[in-house]
Number of protein chains: 2
Amino acid sequence: MVEESQPTPGTVRPGGRTARVRAAVLRAAEDALVEHGFAGLDLGDIAQRAGVGRTTVYRRWGGTSALVADLLADMAEQSLPRTRSGSLAEDLRANARLVQRTLADPRQGGLFRAVIVAANCDTGAAQALRRFYEARVAEWAPCVAEAVERGELPAGTDPAEVVRAVSAPLYYRMLTTADPLDEAAADRAAAAAGAAARAGAYCR
Amino acid sequence: MVEESQPTPGTVRPGGRTARVRAAVLRAAEDALVEHGFAGLDLGDIAQRAGVGRTTVYRRWGGTSALVADLLADMAEQSLPRTRSGSLAEDLRANARLVQRTLADPRQGGLFRAVIVAANCDTGAAQALRRFYEARVAEWAPCVAEAVERGELPAGTDPAEVVRAVSAPLYYRMLTTADPLDEAAADRAAAAAGAAARAGAYCR
DNA sequence: CGGTTAACGGGACAGTCGTTCCGTTAGGAT
DNA sequence: ATCCTAACGGAACGACTGTCCCGTTAACCG
């Protein structure tokens with residue numbers, strides 16, 4: 001018998017029960033994360049909430065970080081498509097408000113905090129987080145690129161950098177202050193990013 | 001005998017041995033943090049490095065989060081004073097580069113990641129973190145206020161918001177991407193904040 | 001519809017983490 | 001210099017986390 005690295009559990013028979021277990025565990029993990037945060041995650045508790053054996057969770061994910069990473073990948077698939085308004089200022093504001101609403105929501109906001117924490121504890125989770133933001137940026141970059149084509153922004157402006165500039169102040173505020181994330185903050189972030197972009201601050 | 005909440009250990013006799021123990025433990029915690037990150041913190045290991053009993057660490061700090069919070073408070077005392085150049089653009093750039101150098105430094109950068117993680121696990125650490133940033137913002141806000149007085153920025157500009165706008169993209173980049181934090185990123189952050197401020201994006 | 005085996009579930013096990021107890025050391029006051 | 005006790009250190013203890021083993025269930029294939 002040859003000693004081979006067998007495939008990860010859940011990949012050979014992904015249908016039926018396996019899928020149900022994964023969904024139940026991810027949902028339970030989300031609940032637990034919102035309630036206790038990443039530090040207070042208890043895989044035994046999650047298994048119980050999901051109506052699943054502890055062993056199963058350990059076998060399929062192996063730890064809290066990988067579980068959160070999987071949760072993040074699941075979230076990435078359900079991310080909302082961007083709106084198209086035709087105006088850069090409108091687009092940036094829509095993006096900012098989407099981020100603001102997400103982070104201000106008790107459930108999703110707590111989830112994002114937890115995921116950021118996990119990314120700083122586990123390289124797998126960090127990779128998943130980067131993938132998630134790459135996808136988000138790629139979703140919204142076109143509206144900036146179109147603004148460049150229309151001549152609203154200087155040629156050579158880096159679209160991704162502008163999109164990140166919208167989110168950055170909102171995340172920074174969430175992490176370092178106790179102030180609530182309101183719409184005013186979102187609109188300010190969008191306006192600031194737009195003004196800086198027009199001034200050529202994001203030219204390569 | 002009255003049942004009173006006795007003072008925290010270390011406050012009644014803060015001199016001599018107590019101070020030495022605190023310094024040794026904080027230094028050891030810093031080392032451990034750089035090596036294993038926040039998730040891999042082991043109080044037993046820290047105690048051994050510091051040449052101190054495990055019990056002492058648990059008694060005085062009670063957990064990893066509070067220890068990191070204390071470490072942060074210690075750092076806050078040693079924070080560098082701002083420079084004064086007389087030009088807004090120069091001041092913002094100096095601030096941005098200071099933040100960039102701090103976060104890019106393996107030792108301090110790891111520490112800041114850890115502290116942000118701790119702040120999401122423990123309310124005491126969160127308070128310490130907020131205090132730290134309030135102090136930092138208060139240190140740098142005057143240079144923006146002076147620029148407003150000189151007429152470089154529109155009246156009604158919120159100095160604190162401008163200072164935070166400089167740091168935000170750097171933290172966001174550190175947390176969500178794998179790209180290194182270089183001087184170019186710092187200069188871009190400073191330029192963007194300055195441009196947005198001149199455009200009146202941070203008016204109350 | 002029946003067989004094969006991937007995946008699950010429960011229980012037992014070992015290692016670790018944080019706490020408690022109590023004797024010892026040394027800071028601060030007289 | 002001497003006393004008092006805050007603070008430290010070592011050891012034992014209990015709880016919990018993650019792993020292993022093996023019997024059971026149900027997904028996929030012919």
# chains A, B, ... in the order shown; residues from 1 in each chain; ligands from 1
$ residues_around --residues "segment 14-24 of chain C" --least-positions-apart "5" --cutoff "10 Å" --atoms "only C-alpha atoms (C1' of nucleotides)" --output "list in words"
Asp42, Leu43, Gly44, Arg54, Thr55, Tyr58, Arg59, Gly62 and Gly63 of chain B; DC8, DG9, DG10, DA11, DA12, DC13, DG14, DA15, DC16, DT17, DG18 and DT19 of chain D
$ write_last_selection --atoms "C-alpha atoms (C1' of nucleotides)" --output "mmCIF file, in the first residue's frame"
data_model
loop_
_atom_site.group_PDB
_atom_site.id
_atom_site.type_symbol
_atom_site.label_atom_id
_atom_site.label_comp_id
_atom_site.auth_asym_id
_atom_site.auth_seq_id
_atom_site.Cartn_x
_atom_site.Cartn_y
_atom_site.Cartn_z
ATOM 1 C CA ASP B 42 1.791 31.630 25.615
ATOM 2 C CA LEU B 43 1.869 33.229 29.037
ATOM 3 C CA GLY B 44 3.950 30.357 30.358
ATOM 4 C CA ARG B 54 3.732 31.973 35.623
ATOM 5 C CA THR B 55 1.517 32.834 38.551
ATOM 6 C CA TYR B 58 -1.676 35.711 35.581
ATOM 7 C CA ARG B 59 -2.137 37.611 38.813
ATOM 8 C CA GLY B 62 -4.987 38.120 34.068
ATOM 9 C CA GLY B 63 -4.732 37.344 30.371
ATOM 10 C "C1'" DC D 8 6.564 36.781 44.036
ATOM 11 C "C1'" DG D 9 7.441 31.592 43.039
ATOM 12 C "C1'" DG D 10 6.614 26.627 43.019
ATOM 13 C "C1'" DA D 11 3.428 22.807 42.989
ATOM 14 C "C1'" DA D 12 -0.804 20.663 42.693
ATOM 15 C "C1'" DC D 13 -5.424 20.830 40.816
ATOM 16 C "C1'" DG D 14 -9.505 21.098 37.655
ATOM 17 C "C1'" DA D 15 -11.311 22.272 33.246
ATOM 18 C "C1'" DC D 16 -11.019 22.354 28.604
ATOM 19 C "C1'" DT D 17 -9.232 21.686 23.831
ATOM 20 C "C1'" DG D 18 -7.914 18.904 20.243
ATOM 21 C "C1'" DT D 19 -6.999 13.948 18.747
#
$ residues_around --residues "Ala190 of chain B" --least-positions-apart "4" --cutoff "6 Å" --atoms "only C-alpha atoms (C1' of nucleotides)" --output "list in words"
Leu92, Arg93, Ala96 and Val166 of chain B
$ write_last_selection --atoms "all heavy atoms" --output "PDB file, in the first residue's frame"
ATOM      1  N   LEU B  92       2.300  66.674   6.728  1.00  0.00           N
ATOM      2  CA  LEU B  92       1.517  65.451   6.481  1.00  0.00           C
ATOM      3  C   LEU B  92       2.430  64.331   6.010  1.00  0.00           C
ATOM      4  O   LEU B  92       2.261  63.174   6.406  1.00  0.00           O
ATOM      5  CB  LEU B  92       0.422  65.721   5.440  1.00  0.00           C
ATOM      6  CG  LEU B  92      -0.699  66.667   5.856  1.00  0.00           C
ATOM      7  CD1 LEU B  92      -1.769  66.738   4.767  1.00  0.00           C
ATOM      8  CD2 LEU B  92      -1.327  66.230   7.171  1.00  0.00           C
ATOM      9  N   ARG B  93       3.401  64.699   5.169  1.00  0.00           N
ATOM     10  CA  ARG B  93       4.300  63.666   4.661  1.00  0.00           C
ATOM     11  C   ARG B  93       5.157  63.103   5.798  1.00  0.00           C
ATOM     12  O   ARG B  93       5.401  61.906   5.871  1.00  0.00           O
ATOM     13  CB  ARG B  93       5.203  64.256   3.570  1.00  0.00           C
ATOM     14  CG  ARG B  93       5.539  63.258   2.479  1.00  0.00           C
ATOM     15  CD  ARG B  93       5.965  63.973   1.213  1.00  0.00           C
ATOM     16  NE  ARG B  93       7.100  64.840   1.492  1.00  0.00           N
ATOM     17  CZ  ARG B  93       8.334  64.643   0.965  1.00  0.00           C
ATOM     18  NH1 ARG B  93       8.541  63.618   0.162  1.00  0.00           N
ATOM     19  NH2 ARG B  93       9.305  65.465   1.235  1.00  0.00           N
ATOM     20  N   ALA B  96       2.966  60.739   7.700  1.00  0.00           N
ATOM     21  CA  ALA B  96       2.727  59.513   6.936  1.00  0.00           C
ATOM     22  C   ALA B  96       3.950  58.604   6.978  1.00  0.00           C
ATOM     23  O   ALA B  96       3.831  57.392   7.165  1.00  0.00           O
ATOM     24  CB  ALA B  96       2.366  59.843   5.490  1.00  0.00           C
ATOM     25  N   VAL B 166      -4.681  60.524   6.859  1.00  0.00           N
ATOM     26  CA  VAL B 166      -3.321  60.170   6.459  1.00  0.00           C
ATOM     27  C   VAL B 166      -3.013  58.725   6.834  1.00  0.00           C
ATOM     28  O   VAL B 166      -2.454  57.964   6.051  1.00  0.00           O
ATOM     29  CB  VAL B 166      -2.300  61.119   7.113  1.00  0.00           C
ATOM     30  CG1 VAL B 166      -0.880  60.640   6.854  1.00  0.00           C
ATOM     31  CG2 VAL B 166      -2.488  62.535   6.589  1.00  0.00           C
TER      32      VAL B 166
END
$ atom_distance --atom1 "atom CA of Ala29 of chain B" --atom2 "atom CA of Ile46 of chain B"
5.8 Å
$ interface_residues --of "chain A" --to "chain B" --cutoff "9 Å" --atoms "only C-alpha atoms" --output "ChimeraX atom specification"
/A:36-40,113-114,116-122,126-127,129-134,164-165,167-173,175-178,188-189,191-202
$ closest_atom_pairs --of "chain B" --to "chain C" --cutoff "8 Å" --atoms "only C-alpha atoms (C1' of nucleotides)" --output "Markdown table"
| residue | atom | partner | partner_atom | distance |
| --- | --- | --- | --- | --- |
| B:Arg13 | CA | C:DG27 | C1' | 6.6 |
| B:Gly15 | CA | C:DG27 | C1' | 7.2 |
| B:Gly16 | CA | C:DG27 | C1' | 7.0 |
| B:Arg17 | CA | C:DG27 | C1' | 7.8 |
| B:Tyr58 | CA | C:DG18 | C1' | 7.9 |
$ write_last_selection --atoms "N, CA and C atoms" --output "short mmCIF file (atom, residue, chain, number, x, y, z; two decimals), in the first residue's frame"
data_model
loop_
_atom_site.label_atom_id
_atom_site.label_comp_id
_atom_site.auth_asym_id
_atom_site.auth_seq_id
_atom_site.Cartn_x
_atom_site.Cartn_y
_atom_site.Cartn_z
N ARG B 13 2.92 48.81 45.97
CA ARG B 13 4.38 48.89 46.07
C ARG B 13 4.98 48.87 44.67
N GLY B 15 7.54 50.21 43.38
CA GLY B 15 8.98 50.39 43.19
C GLY B 15 9.75 49.09 43.15
N GLY B 16 11.03 49.18 42.91
CA GLY B 16 11.96 48.06 42.98
C GLY B 16 11.57 46.83 42.21
N ARG B 17 11.36 45.74 42.92
CA ARG B 17 11.12 44.46 42.26
C ARG B 17 9.91 44.51 41.33
N TYR B 58 -0.22 35.86 35.51
CA TYR B 58 -1.68 35.71 35.58
C TYR B 58 -2.27 36.65 36.63
#
